[in-house]
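*Asks:* Sharing structure28.pdb below, PDB, C-alpha atoms and all ligand atoms:
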```pdb
ATOM      1  CA  MET A  21     -22.332   0.147  18.507
ATOM      2  CA  ASP A  22     -25.172  -1.531  16.582
ATOM      3  CA  ILE A  23     -24.602  -2.807  13.043
ATOM      4  CA  LYS A  24     -26.314   0.199  11.429
ATOM      5  CA  ALA A  25     -24.081   2.633  13.289
ATOM      6  CA  GLN A  26     -21.013   0.545  12.402
ATOM      7  CA  LEU A  27     -21.923   0.600   8.708
ATOM      8  CA  GLN A  28     -22.478   4.363   8.857
ATOM      9  CA  ALA A  29     -19.084   4.833  10.568
ATOM     10  CA  LEU A  30     -17.389   2.788   7.834
ATOM     11  CA  LYS A  31     -19.169   4.803   5.158
ATOM     12  CA  ASP A  32     -18.065   8.063   6.784
ATOM     13  CA  GLN A  33     -14.535   6.710   6.994
ATOM     14  CA  ALA A  34     -14.520   5.747   3.286
ATOM     15  CA  GLU A  35     -15.903   9.141   2.292
ATOM     16  CA  THR A  36     -13.286  10.938   4.357
ATOM     17  CA  ASN A  37     -10.598   8.801   2.748
ATOM     18  CA  ALA A  38     -11.941   9.398  -0.731
ATOM     19  CA  GLY A  39     -11.356  13.085   0.043
ATOM     20  CA  GLY A  40      -7.745  12.159   0.767
ATOM     21  CA  THR A  41      -7.492  14.197   3.950
ATOM     22  CA  ALA A  42      -4.359  13.869   6.033
ATOM     23  CA  SER A  43      -6.403  12.957   9.099
ATOM     24  CA  ALA A  44      -7.895   9.964   7.304
ATOM     25  CA  ASN A  45      -4.535   8.600   6.155
ATOM     26  CA  HIS A  46      -3.654   7.270   9.582
ATOM     27  CA  LEU A  47      -6.530   4.812   9.173
ATOM     28  CA  ALA A  48      -4.797   3.204   6.197
ATOM     29  CA  THR A  49      -2.617   0.240   7.145
ATOM     30  CA  VAL A  50      -0.850  -2.464   5.178
ATOM     31  CA  LYS A  51       0.222  -5.959   6.083
ATOM     32  CA  ILE A  52       1.513  -9.159   4.562
ATOM     33  CA  ALA A  53      -1.322 -11.654   4.104
ATOM     34  CA  ARG A  54      -0.581 -14.503   6.512
ATOM     35  CA  ASN A  55      -3.757 -16.572   6.698
ATOM     36  CA  ILE A  56      -6.855 -17.589   4.780
ATOM     37  CA  GLU A  57      -8.877 -14.663   6.128
ATOM     38  CA  ASP A  58      -6.269 -12.187   4.819
ATOM     39  CA  MET A  59      -6.202 -14.011   1.468
ATOM     40  CA  MET A  60      -9.997 -13.852   1.181
ATOM     41  CA  GLN A  61      -9.732 -10.099   1.622
ATOM     42  CA  VAL A  62      -6.962  -9.856  -1.008
ATOM     43  CA  PHE A  63      -9.051 -11.873  -3.473
ATOM     44  CA  ALA A  64     -12.171  -9.823  -2.687
ATOM     45  CA  VAL A  65     -10.331  -6.589  -3.565
ATOM     46  CA  ARG A  66      -8.959  -8.069  -6.790
ATOM     47  CA  ALA A  67     -12.338  -9.482  -7.792
ATOM     48  CA  ALA A  68     -13.968  -6.074  -7.277
ATOM     49  CA  VAL A  69     -11.269  -4.162  -9.166
ATOM     50  CA  PHE A  70     -10.103  -6.477 -11.929
ATOM     51  CA  LEU A  71     -13.071  -8.782 -12.557
ATOM     52  CA  SER A  72     -15.847  -6.313 -11.963
ATOM     53  CA  GLU A  73     -14.405  -2.910 -12.786
ATOM     54  CA  GLN A  74     -11.915  -3.891 -15.509
ATOM     55  CA  HIS A  75     -13.883  -6.903 -16.862
ATOM     56  CA  CYS A  76     -10.894  -9.231 -16.628
ATOM     57  CA  PRO A  77     -11.845 -12.901 -17.130
ATOM     58  CA  TYR A  78     -11.489 -14.974 -13.924
ATOM     59  CA  ALA A  79      -8.850 -17.366 -15.346
ATOM     60  CA  GLU A  80      -6.636 -14.448 -16.376
ATOM     61  CA  GLU A  81      -6.854 -12.653 -13.032
ATOM     62  CA  PHE A  82      -6.368 -15.812 -10.935
ATOM     63  CA  ASP A  83      -3.555 -17.132 -13.079
ATOM     64  CA  GLY A  84      -2.083 -19.911 -10.927
ATOM     65  CA  ASN A  85       0.672 -17.737  -9.460
ATOM     66  CA  ASP A  86      -1.039 -16.725  -6.239
ATOM     67  CA  PHE A  87       0.390 -19.557  -4.146
ATOM     68  CA  THR A  88       3.962 -18.630  -5.108
ATOM     69  CA  SER A  89       3.623 -14.960  -4.170
ATOM     70  CA  THR A  90       3.790 -12.666  -1.171
ATOM     71  CA  HIS A  91       0.483 -10.799  -0.923
ATOM     72  CA  ILE A  92       0.096  -7.325   0.527
ATOM     73  CA  LEU A  93      -3.275  -6.370   1.966
ATOM     74  CA  GLY A  94      -4.251  -2.725   2.396
ATOM     75  CA  LEU A  95      -6.874  -1.886   4.991
ATOM     76  CA  VAL A  96      -8.788   1.298   5.639
ATOM     77  CA  GLY A  97      -9.975   0.854   9.166
ATOM     78  CA  GLU A  98     -10.921  -2.818   9.105
ATOM     79  CA  GLU A  99     -12.171  -2.769   5.529
ATOM     80  CA  PRO A 100     -10.075  -4.466   2.796
ATOM     81  CA  ALA A 101      -9.235  -1.588   0.473
ATOM     82  CA  GLY A 102      -6.165  -2.580  -1.551
ATOM     83  CA  ALA A 103      -4.052  -5.525  -2.629
ATOM     84  CA  SER A 104      -0.884  -6.325  -4.507
ATOM     85  CA  ARG A 105       1.501  -9.240  -4.845
ATOM     86  CA  ILE A 106       5.226  -9.871  -5.223
ATOM     87  CA  ARG A 107       6.736 -12.752  -7.181
ATOM     88  CA  TYR A 108      10.394 -13.643  -6.895
ATOM     89  CA  PHE A 109      13.001 -14.491  -9.513
ATOM     90  CA  GLY A 110      16.769 -14.904  -9.149
ATOM     91  CA  GLU A 111      17.738 -11.403 -10.179
ATOM     92  CA  PHE A 112      14.598  -9.396  -9.528
ATOM     93  CA  ALA A 113      11.225  -9.291  -7.815
ATOM     94  CA  LYS A 114       8.060  -8.533  -9.762
ATOM     95  CA  LEU A 115       5.274  -6.323  -8.463
ATOM     96  CA  GLU A 116       1.846  -7.299  -9.731
ATOM     97  CA  ARG A 117      -1.913  -6.900  -9.252
ATOM     98  CA  VAL A 118      -1.785  -3.449  -7.673
ATOM     99  CA  ALA A 119      -5.404  -2.616  -6.929
ATOM    100  CA  VAL A 120      -7.352  -0.204  -4.759
ATOM    101  CA  ARG A 121     -11.133  -0.513  -4.498
ATOM    102  CA  LYS A 122     -12.822   2.408  -6.209
ATOM    103  CA  GLU A 123     -14.330   3.755  -2.990
ATOM    104  CA  PHE A 124     -10.857   3.914  -1.374
ATOM    105  CA  ARG A 125      -8.883   5.545  -4.201
ATOM    106  CA  SER A 126      -6.612   8.441  -3.196
ATOM    107  CA  SER A 127      -6.726   7.268   0.409
ATOM    108  CA  GLY A 128      -2.949   6.798   0.541
ATOM    109  CA  ILE A 129      -3.311   3.027   0.566
ATOM    110  CA  ALA A 130      -1.682   2.608  -2.882
ATOM    111  CA  ALA A 131       1.472   4.425  -1.735
ATOM    112  CA  ALA A 132       1.508   2.546   1.573
ATOM    113  CA  MET A 133       1.309  -0.809  -0.268
ATOM    114  CA  ILE A 134       3.991  -0.018  -2.810
ATOM    115  CA  ASN A 135       6.334   1.367  -0.154
ATOM    116  CA  LYS A 136       5.827  -1.851   1.805
ATOM    117  CA  VAL A 137       6.646  -3.894  -1.320
ATOM    118  CA  ILE A 138       9.828  -1.874  -1.840
ATOM    119  CA  GLU A 139      10.821  -2.332   1.812
ATOM    120  CA  ILE A 140      10.258  -6.119   1.711
ATOM    121  CA  CYS A 141      12.226  -6.499  -1.526
ATOM    122  CA  ARG A 142      15.139  -4.425  -0.202
ATOM    123  CA  GLN A 143      15.199  -6.416   3.042
ATOM    124  CA  LYS A 144      15.310  -9.621   0.993
ATOM    125  CA  GLY A 145      18.339  -8.237  -0.834
ATOM    126  CA  TYR A 146      16.727  -7.417  -4.156
ATOM    127  CA  ARG A 147      18.127  -4.501  -6.141
ATOM    128  CA  LYS A 148      15.459  -4.466  -8.858
ATOM    129  CA  ILE A 149      11.665  -4.553  -8.952
ATOM    130  CA  TYR A 150      10.239  -5.172 -12.378
ATOM    131  CA  GLY A 151       6.647  -4.503 -13.414
ATOM    132  CA  HIS A 152       4.162  -4.460 -16.253
ATOM    133  CA  ALA A 153       2.434  -1.103 -16.067
ATOM    134  CA  GLN A 154      -0.832  -0.408 -17.812
ATOM    135  CA  ALA A 155       0.299   2.197 -20.358
ATOM    136  CA  ARG A 156      -2.068   4.859 -18.959
ATOM    137  CA  LEU A 157      -0.590   4.291 -15.481
ATOM    138  CA  VAL A 158       3.128   4.672 -16.258
ATOM    139  CA  PRO A 159       3.110   8.080 -14.437
ATOM    140  CA  PHE A 160       1.626   6.320 -11.376
ATOM    141  CA  TRP A 161       4.509   3.803 -11.369
ATOM    142  CA  GLU A 162       6.999   6.634 -11.973
ATOM    143  CA  SER A 163       5.803   8.349  -8.801
ATOM    144  CA  PHE A 164       7.308   5.366  -6.908
ATOM    145  CA  GLY A 165      10.674   5.402  -8.683
ATOM    146  CA  PHE A 166       9.889   3.018 -11.574
ATOM    147  CA  MET A 167      11.087   3.971 -15.049
ATOM    148  CA  ALA A 168       9.701   2.848 -18.386
ATOM    149  CA  MET A 169      12.317   0.544 -19.941
ATOM    150  CA  GLY A 170      11.710   1.894 -23.418
ATOM    151  CA  THR A 171      11.000  -1.580 -24.784
ATOM    152  CA  PRO A 172       8.061  -2.179 -27.151
ATOM    153  CA  GLY A 173       4.645  -2.171 -25.472
ATOM    154  CA  PHE A 174       2.534  -5.323 -25.418
ATOM    155  CA  VAL A 175      -1.056  -6.352 -24.835
ATOM    156  CA  PHE A 176      -2.742  -8.828 -22.514
ATOM    157  CA  SER A 177      -6.102  -9.023 -20.781
ATOM    158  CA  ASP A 178      -7.394  -6.268 -23.085
ATOM    159  CA  HIS A 179      -4.906  -3.619 -21.870
ATOM    160  CA  GLU A 180      -1.708  -2.117 -23.262
ATOM    161  CA  TYR A 181       1.329  -2.596 -21.054
ATOM    162  CA  GLU A 182       4.851  -1.258 -20.726
ATOM    163  CA  GLU A 183       7.821  -2.819 -18.967
ATOM    164  CA  VAL A 184       8.937  -0.728 -15.988
ATOM    165  CA  LEU A 185      11.867  -1.128 -13.647
ATOM    166  CA  CYS A 186      12.726   0.280 -10.232
ATOM    167  CA  GLU A 187      16.406   0.232  -9.216
ATOM    168  CA  LEU A 188      16.499  -0.058  -5.439
ATOM    169  CA  GLU A 189      18.892   1.494  -2.961
ATOM    170  CA  PRO A 190      20.621  -1.446  -1.270
ATOM    171  CA  HIS A 191      19.260  -2.193   2.202
ATOM    172  CA  PRO A 192      21.907  -1.544   4.884
ATOM    173  CA  ASN A 193      21.209  -4.896   6.477
ATOM    174  CA  PRO A 194      19.510  -7.320   4.067
ATOM    175  CA  VAL A 195      18.653 -10.858   5.163
ATOM    176  CA  ALA A 196      21.651 -12.939   4.097
ATOM    177  CA  ILE A 197      23.501 -16.208   4.639
ATOM    178  CA  GLY A 198      25.706 -15.530   7.629
ATOM    179  CA  ASP A 199      22.874 -13.917   9.599
ATOM    180  CA  GLU A 200      21.712 -15.661  12.735
ATOM    181  CA  PRO A 201      19.889 -18.798  11.506
ATOM    182  CA  MET A 202      16.956 -17.949  13.781
ATOM    183  CA  LEU A 203      16.590 -14.540  12.113
ATOM    184  CA  ILE A 204      16.145 -16.144   8.711
ATOM    185  CA  ILE A 205      13.176 -18.220   9.926
ATOM    186  CA  ARG A 206      11.262 -15.266  11.353
ATOM    187  CA  PRO A 207       7.909 -14.483   9.723
ATOM    188  CA  GLU A 208       8.350 -12.881   6.310
ATOM    189  CA  GLY A 209       8.880  -9.116   6.597
ATOM    190  CA  GLU A 210       9.292  -9.219  10.382
ATOM    191  CA  TRP A 211      13.024  -9.851  10.468
ATOM    192  CA  ASP A 212      13.612  -7.173  13.105
ATOM    193  CA  ARG A 213      11.850  -8.962  15.976
ATOM    194  CA  PRO A 214      11.924 -12.462  17.449
ATOM    195  CA  GLY A 215       9.488 -14.917  15.874
ATOM    196  CA  PRO A 216       7.603 -17.952  17.205
ATOM    197  CA  LEU A 217      10.489 -20.329  16.501
ATOM    198  CA  GLU A 218      12.818 -18.301  18.716
ATOM    199  CA  HIS A 219      10.267 -18.653  21.503
ATOM    200  CA  SER A 220      10.232 -22.415  20.803
ATOM    201  CA  ALA A 221      14.011 -22.571  21.338
ATOM    202  CA  VAL A 222      13.584 -22.258  25.116
ATOM    203  CA  ARG A 223      12.467 -25.919  25.006
ATOM    204  CA  PRO A 224      15.286 -28.485  24.987
ATOM    205  CA  ALA A 225      15.654 -30.762  21.938
ATOM    206  CA  SER A 226      13.541 -33.771  22.941
ATOM    207  CA  ASN A 227      13.377 -35.103  19.340
ATOM    208  CA  PRO A 228       9.772 -36.228  19.755
ATOM    209  CA  HIS A 229       9.539 -38.284  16.566
ATOM    210  CA  ALA A 230       6.507 -40.520  16.521
ATOM    211  CA  ASP A 231       8.614 -43.445  15.246
ATOM    212  CA  GLY A 232      11.414 -43.241  17.780
ATOM    213  CA  PRO A 233      14.959 -44.141  16.697
ATOM    214  CA  PRO A 234      15.288 -46.327  13.565
ATOM    215  CA  ASP A 235      15.160 -50.098  14.158
ATOM    216  CA  PRO A 236      18.581 -51.441  12.944
ATOM    217  CA  GLN A 237      17.008 -54.711  11.713
ATOM    218  CA  ARG A 238      14.469 -52.799   9.640
ATOM    219  CA  VAL A 239      17.180 -50.563   8.144
ATOM    220  CA  LYS A 240      19.199 -53.700   7.256
ATOM    221  CA  ARG A 241      16.174 -55.359   5.579
ATOM    222  CA  ARG A 242      15.381 -52.172   3.609
ATOM    223  CA  ARG A 243      18.981 -51.899   2.392
ATOM    224  CA  ALA A 244      19.003 -55.559   1.366
ATOM    225  CA  SER A 245      15.746 -55.204  -0.576
ATOM    226  CA  ARG A 246      17.249 -52.316  -2.604
ATOM    227  CA  LYS A 247      20.104 -54.511  -3.907
TER     228      LYS A 247
HETATM  229  C1  LIG B 301      -3.740   2.281  -9.911
HETATM  230  C2  LIG B 301      -4.390   2.380  -8.531
HETATM  231  C3  LIG B 301      -3.946   1.234  -7.677
HETATM  232  C4  LIG B 301      -3.919   3.697  -7.889
HETATM  233  O1  LIG B 301      -4.551   3.847  -6.634
HETATM  234  P1  LIG B 301      -5.064   5.281  -6.183
HETATM  235  O2  LIG B 301      -5.622   5.187  -4.830
HETATM  236  O3  LIG B 301      -5.951   5.763  -7.263
HETATM  237  O4  LIG B 301      -3.679   6.080  -6.205
HETATM  238  P2  LIG B 301      -3.392   7.455  -5.523
HETATM  239  O5  LIG B 301      -4.494   8.422  -5.802
HETATM  240  O6  LIG B 301      -3.050   7.237  -4.093
HETATM  241  O7  LIG B 301      -2.122   7.898  -6.308
HETATM  242  C5  LIG B 301      -0.798   7.569  -5.958
HETATM  243  C6  LIG B 301       0.131   8.400  -6.844
HETATM  244  O8  LIG B 301      -0.006   8.031  -8.207
HETATM  245  C7  LIG B 301      -0.502   9.101  -8.981
HETATM  246  N1  LIG B 301      -1.533   8.593  -9.892
HETATM  247  C8  LIG B 301      -2.608   7.861  -9.568
HETATM  248  N2  LIG B 301      -3.319   7.551 -10.670
HETATM  249  C9  LIG B 301      -2.670   8.115 -11.691
HETATM  250  C10 LIG B 301      -2.899   8.167 -13.085
HETATM  251  N3  LIG B 301      -3.940   7.561 -13.665
HETATM  252  N4  LIG B 301      -2.013   8.839 -13.830
HETATM  253  C11 LIG B 301      -0.972   9.479 -13.280
HETATM  254  N5  LIG B 301      -0.685   9.463 -11.972
HETATM  255  C12 LIG B 301      -1.525   8.786 -11.187
HETATM  256  C13 LIG B 301      -1.084  10.080  -8.007
HETATM  257  O9  LIG B 301      -1.007  11.406  -8.493
HETATM  258  C14 LIG B 301      -0.228   9.865  -6.789
HETATM  259  O10 LIG B 301       1.020  10.542  -6.904
HETATM  260  P3  LIG B 301       1.433  11.595  -5.790
HETATM  261  O11 LIG B 301       1.459  10.841  -4.491
HETATM  262  O12 LIG B 301       2.784  12.053  -6.245
HETATM  263  O13 LIG B 301       0.365  12.628  -5.838
HETATM  264  C15 LIG B 301      -5.935   2.422  -8.633
HETATM  265  O14 LIG B 301      -6.308   3.501  -9.436
HETATM  266  C16 LIG B 301      -6.521   1.128  -9.173
HETATM  267  O15 LIG B 301      -6.761   0.199  -8.430
HETATM  268  N6  LIG B 301      -6.801   1.075 -10.497
HETATM  269  C17 LIG B 301      -7.409  -0.101 -11.092
HETATM  270  C18 LIG B 301      -6.471  -1.281 -11.102
HETATM  271  C19 LIG B 301      -5.271  -1.060 -11.999
HETATM  272  O16 LIG B 301      -5.392  -0.579 -13.102
HETATM  273  N7  LIG B 301      -4.107  -1.434 -11.475
HETATM  274  C20 LIG B 301      -2.848  -1.196 -12.100
HETATM  275  C21 LIG B 301      -2.398  -2.308 -12.917
HETATM  276  S1  LIG B 301      -0.861  -1.870 -13.721
END
```
Output the file's structure in the form of structure tokens.
Ligand SMILES: CC(C)(COP(=O)(O)OP(=O)(O)OC[C@H]1O[C@@H](n2cnc3c(N)ncnc32)[C@H](O)[C@@H]1OP(=O)(O)O)[C@@H](O)C(=O)NCCC(=O)NCCS
*Replies:*
Amino acid sequence: MDIKAQLQALKDQAETNAGGTASANHLATVKIARNIEDMMQVFAVRAAVFLSEQHCPYAEEFDGNDFTSTHILGLVGEEPAGASRIRYFGEFAKLERVAVRKEFRSSGIAAAMINKVIEICRQKGYRKIYGHAQARLVPFWESFGFMAMGTPGFVFSDHEYEEVLCELEPHPNPVAIGDEPMLIIRPEGEWDRPGPLEHSAVRPASNPHADGPPDPQRVKRRRASRK
């Protein structure tokens, strides 16, 4: 297909999705961002929605918390359509930056992303997801099981917000200490299938340290110099 035809196909796809037809929904997929390419797509969605559409200043949107988060990327076909992120605290996870590009609204990607967030948090053993909902969007959050906490509203980045909380059904088999150690090191969110480190375990432990075993004389000298 030439580039013109590809662009037309994407446009048709977006239009079909904007209509929210059931047949278009199967084109919507979500994944955890795992590499720079995925992250560029996440940031592109957020720049379009929050910087451009909602006039959020750059430093408020990109607030220094992106490297401590799990990012969810929503795709319609191959086009980045939605994004959201999860941050983790001891007692709860926090859902943030839920965004769907205007041209992909009502495509089902918002629900697919939030359901993925809920699934990841349950698998990690969380029982609560906390959020700051734009006041006008509390009904949107409620459609995913969040409830307004009834606490006073507050304002940041030029919007009114409400605290919302989703109490989660416990996962039947959350990742926990006591699980197989190799399960815990699988790629985030893919705890139900073997990961690259399990494949690595077919190799024997050759301990290929560049330095080789420690030189006893050197260890002795280092200990002496510390006294
Ligand atoms: C909020 C946002 C992510 C929703 O995406 P969307 O594609 O428009 O959502 P959908 O149309 O798939 O709606 C999902 C559900 O929420 C409901 N919903 C969506 N927008 C709503 C609104 N403004 N008020 C009430 N309910 C709403 C829908 O009815 C639907 O419920 P249903 O499945 O029971 O019918 C999108 O509008 C967006 O990116 N907005 C700008 C960014 C933003 O404000 N983010 C939120 C920060 S708190």
*Asks:* Around all the atoms of ligand LIG 301 (chain B) listed in the file, draw an axis-aligned box and extend it by 8 Å on each of the six sides; I want its centre and edge lengths in Å to one decimal, as lines of an AutoDock Vina configuration file.
*Replies:*
```
center_x = -2.3
center_y = 5.2
center_z = -9.0
size_x = 26.2
size_y = 30.9
size_z = 25.7
```
*Asks:* Can you tell me how far CA of Glu80 (chain A) sits from atom C6 of ligand LIG 301 (chain B), in Å to one decimal?
*Replies:*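 If I compute the distance from CA of Glu80 (chain A) to atom C6 of ligand LIG 301 (chain B), I get 25.7 Å.
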*Asks:* Calculate how many Å separate CA of Met133 (chain A) from CA of Val50 (chain A), rounding to one decimal.
*Replies:* 6.1 Å
*Asks:* Can you spell out as a JSON list (two decimals) with C-alpha atoms, in the frame of the given file the set of residues that the PyMOL selection byres (((chain A and resi 165) around 12) and not hetatm) selects in the structure I just provided?
*Replies:*
```
[["chain", "number", "residue", "atom", "x", "y", "z"],
["A", 131, "ALA", "CA", 1.47, 4.42, -1.74],
["A", 134, "ILE", "CA", 3.99, -0.02, -2.81],
["A", 135, "ASN", "CA", 6.33, 1.37, -0.15],
["A", 138, "ILE", "CA", 9.83, -1.87, -1.84],
["A", 148, "LYS", "CA", 15.46, -4.47, -8.86],
["A", 149, "ILE", "CA", 11.66, -4.55, -8.95],
["A", 150, "TYR", "CA", 10.24, -5.17, -12.38],
["A", 151, "GLY", "CA", 6.65, -4.50, -13.41],
["A", 158, "VAL", "CA", 3.13, 4.67, -16.26],
["A", 159, "PRO", "CA", 3.11, 8.08, -14.44],
["A", 160, "PHE", "CA", 1.63, 6.32, -11.38],
["A", 161, "TRP", "CA", 4.51, 3.80, -11.37],
["A", 162, "GLU", "CA", 7.00, 6.63, -11.97],
["A", 163, "SER", "CA", 5.80, 8.35, -8.80],
["A", 164, "PHE", "CA", 7.31, 5.37, -6.91],
["A", 166, "PHE", "CA", 9.89, 3.02, -11.57],
["A", 167, "MET", "CA", 11.09, 3.97, -15.05],
["A", 168, "ALA", "CA", 9.70, 2.85, -18.39],
["A", 184, "VAL", "CA", 8.94, -0.73, -15.99],
["A", 185, "LEU", "CA", 11.87, -1.13, -13.65],
["A", 186, "CYS", "CA", 12.73, 0.28, -10.23],
["A", 187, "GLU", "CA", 16.41, 0.23, -9.22],
["A", 188, "LEU", "CA", 16.50, -0.06, -5.44],
["A", 189, "GLU", "CA", 18.89, 1.49, -2.96]]
```
*Asks:* Could you list as a ChimeraX atom specification every residue that has an atom within 12 Å of (-8.8, -8.9, 6.0), using the file's coordinates and counting all atoms listed in the file?
*Replies:* /A:49-65,91-103
*Asks:* Using only C-alpha atoms, which protein or nucleic acid residues come within 12 Å of Tyr78 (chain A)? Drop anything in the same chain fewer than 2 positions from it, and give the result as a ChimeraX atom specification.
*Replies:* /A:63,66-72,74-76,80-84,177
*Asks:* Expressed in Å to a single decimal, how great is the separation between CA of Arg213 (chain A) and CA of Ile140 (chain A)?
*Replies:*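 Taking CA of Arg213 (chain A) and CA of Ile140 (chain A), their separation equals 14.6 Å.
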*Asks:* Enumerate residues in contact with ligand LIG 301 (chain B): an atom-to-atom distance of at most 6 Å, counting all atoms listed in the file. Format the result as an MDAnalysis selection string.
*Replies:* chainID A and resid 69 117:121 125:128 130:131 153:154 157 159:160 163
*Asks:* Store the residues picked out above, limited to C-alpha atoms, as a PDB file, in the coordinates of the input.
*Replies:*
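Full text of part39.pdb as output:
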```
ATOM      1  CA  VAL A  69     -11.269  -4.162  -9.166  1.00  0.00           C
ATOM      2  CA  ARG A 117      -1.913  -6.900  -9.252  1.00  0.00           C
ATOM      3  CA  VAL A 118      -1.785  -3.449  -7.673  1.00  0.00           C
ATOM      4  CA  ALA A 119      -5.404  -2.616  -6.929  1.00  0.00           C
ATOM      5  CA  VAL A 120      -7.352  -0.204  -4.759  1.00  0.00           C
ATOM      6  CA  ARG A 121     -11.133  -0.513  -4.498  1.00  0.00           C
ATOM      7  CA  ARG A 125      -8.883   5.545  -4.201  1.00  0.00           C
ATOM      8  CA  SER A 126      -6.612   8.441  -3.196  1.00  0.00           C
ATOM      9  CA  SER A 127      -6.726   7.268   0.409  1.00  0.00           C
ATOM     10  CA  GLY A 128      -2.949   6.798   0.541  1.00  0.00           C
ATOM     11  CA  ALA A 130      -1.682   2.608  -2.882  1.00  0.00           C
ATOM     12  CA  ALA A 131       1.472   4.425  -1.735  1.00  0.00           C
ATOM     13  CA  ALA A 153       2.434  -1.103 -16.067  1.00  0.00           C
ATOM     14  CA  GLN A 154      -0.832  -0.408 -17.812  1.00  0.00           C
ATOM     15  CA  LEU A 157      -0.590   4.291 -15.481  1.00  0.00           C
ATOM     16  CA  PRO A 159       3.110   8.080 -14.437  1.00  0.00           C
ATOM     17  CA  PHE A 160       1.626   6.320 -11.376  1.00  0.00           C
ATOM     18  CA  SER A 163       5.803   8.349  -8.801  1.00  0.00           C
TER      19      SER A 163
END
```
*Asks:* For Ile204 (chain A), list every protein, DNA or RNA residue within 12 Å, evaluated using only C-alpha atoms, and leave out those in the same chain fewer than 5 positions away; present the list as a list of chain:residue names.
*Replies:*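 The neighbour list is A:Gln143, A:Lys144, A:Pro194, A:Val195, A:Ala196, A:Ile197, A:Gly198, A:Asp199, A:Gly209, A:Glu210, A:Trp211, A:Asp212, A:Arg213, A:Pro214, A:Gly215, A:Leu217, A:Glu218.
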*Asks:* Suppose a student applies the PyMOL selection byres (((chain A and resi 112) around 7) and not hetatm) to this structure; what residues should they get, written as a list in words?
*Replies:*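 When the PyMOL selection byres (((chain A and resi 112) around 7) and not hetatm) is applied to the shown file, the picked residues are Tyr108, Phe109, Gly110, Glu111, Ala113, Lys114, Tyr146, Arg147, Lys148, Ile149 and Tyr150 of chain A.
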*Asks:* Go through A:Ile106, A:Arg242, A:Asn85, A:Cys141 and flag the residue nearest His191 (chain A), using all atoms listed in the file for the distances.
*Replies:*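 Going through A:Ile106, A:Arg242, A:Asn85, A:Cys141 one by one, the smallest distance to His191 (chain A) is for A:Cys141.
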*Asks:* Can I get region 111-125 of chain A with N, CA and C atoms filled in, as an mmCIF file, in the coordinates of the input?
*Replies:*
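As written to disk, rebuild.cif reads:
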```cif
data_model
loop_
_atom_site.group_PDB
_atom_site.id
_atom_site.type_symbol
_atom_site.label_atom_id
_atom_site.label_comp_id
_atom_site.auth_asym_id
_atom_site.auth_seq_id
_atom_site.Cartn_x
_atom_site.Cartn_y
_atom_site.Cartn_z
ATOM 1 N N GLU A 111 17.088 -12.710 -10.083
ATOM 2 C CA GLU A 111 17.738 -11.403 -10.179
ATOM 3 C C GLU A 111 16.831 -10.241 -9.788
ATOM 4 N N PHE A 112 15.535 -10.515 -9.756
ATOM 5 C CA PHE A 112 14.598 -9.396 -9.528
ATOM 6 C C PHE A 112 13.312 -9.916 -8.899
ATOM 7 N N ALA A 113 12.585 -8.979 -8.283
ATOM 8 C CA ALA A 113 11.225 -9.291 -7.815
ATOM 9 C C ALA A 113 10.250 -8.609 -8.768
ATOM 10 N N LYS A 114 9.037 -9.136 -8.843
ATOM 11 C CA LYS A 114 8.060 -8.533 -9.762
ATOM 12 C C LYS A 114 6.821 -8.113 -8.972
ATOM 13 N N LEU A 115 6.473 -6.854 -9.123
ATOM 14 C CA LEU A 115 5.274 -6.323 -8.463
ATOM 15 C C LEU A 115 4.089 -6.476 -9.408
ATOM 16 N N GLU A 116 3.009 -7.018 -8.884
ATOM 17 C CA GLU A 116 1.846 -7.299 -9.731
ATOM 18 C C GLU A 116 0.534 -7.015 -8.993
ATOM 19 N N ARG A 117 -0.539 -6.940 -9.774
ATOM 20 C CA ARG A 117 -1.913 -6.900 -9.252
ATOM 21 C C ARG A 117 -2.136 -5.768 -8.249
ATOM 22 N N VAL A 118 -1.585 -4.600 -8.573
ATOM 23 C CA VAL A 118 -1.785 -3.449 -7.673
ATOM 24 C C VAL A 118 -3.225 -2.955 -7.869
ATOM 25 N N ALA A 119 -3.988 -2.985 -6.813
ATOM 26 C CA ALA A 119 -5.404 -2.616 -6.929
ATOM 27 C C ALA A 119 -5.878 -1.916 -5.669
ATOM 28 N N VAL A 120 -6.679 -0.875 -5.877
ATOM 29 C CA VAL A 120 -7.352 -0.204 -4.759
ATOM 30 C C VAL A 120 -8.829 -0.133 -5.125
ATOM 31 N N ARG A 121 -9.686 -0.581 -4.228
ATOM 32 C CA ARG A 121 -11.133 -0.513 -4.498
ATOM 33 C C ARG A 121 -11.530 0.930 -4.777
ATOM 34 N N LYS A 122 -12.443 1.084 -5.729
ATOM 35 C CA LYS A 122 -12.822 2.408 -6.209
ATOM 36 C C LYS A 122 -13.127 3.372 -5.059
ATOM 37 N N GLU A 123 -13.890 2.874 -4.080
ATOM 38 C CA GLU A 123 -14.330 3.755 -2.990
ATOM 39 C C GLU A 123 -13.188 4.193 -2.068
ATOM 40 N N PHE A 124 -11.988 3.554 -2.236
ATOM 41 C CA PHE A 124 -10.857 3.914 -1.374
ATOM 42 C C PHE A 124 -9.703 4.547 -2.152
ATOM 43 N N ARG A 125 -9.963 4.926 -3.417
ATOM 44 C CA ARG A 125 -8.883 5.545 -4.201
ATOM 45 C C ARG A 125 -8.448 6.859 -3.556
#
```
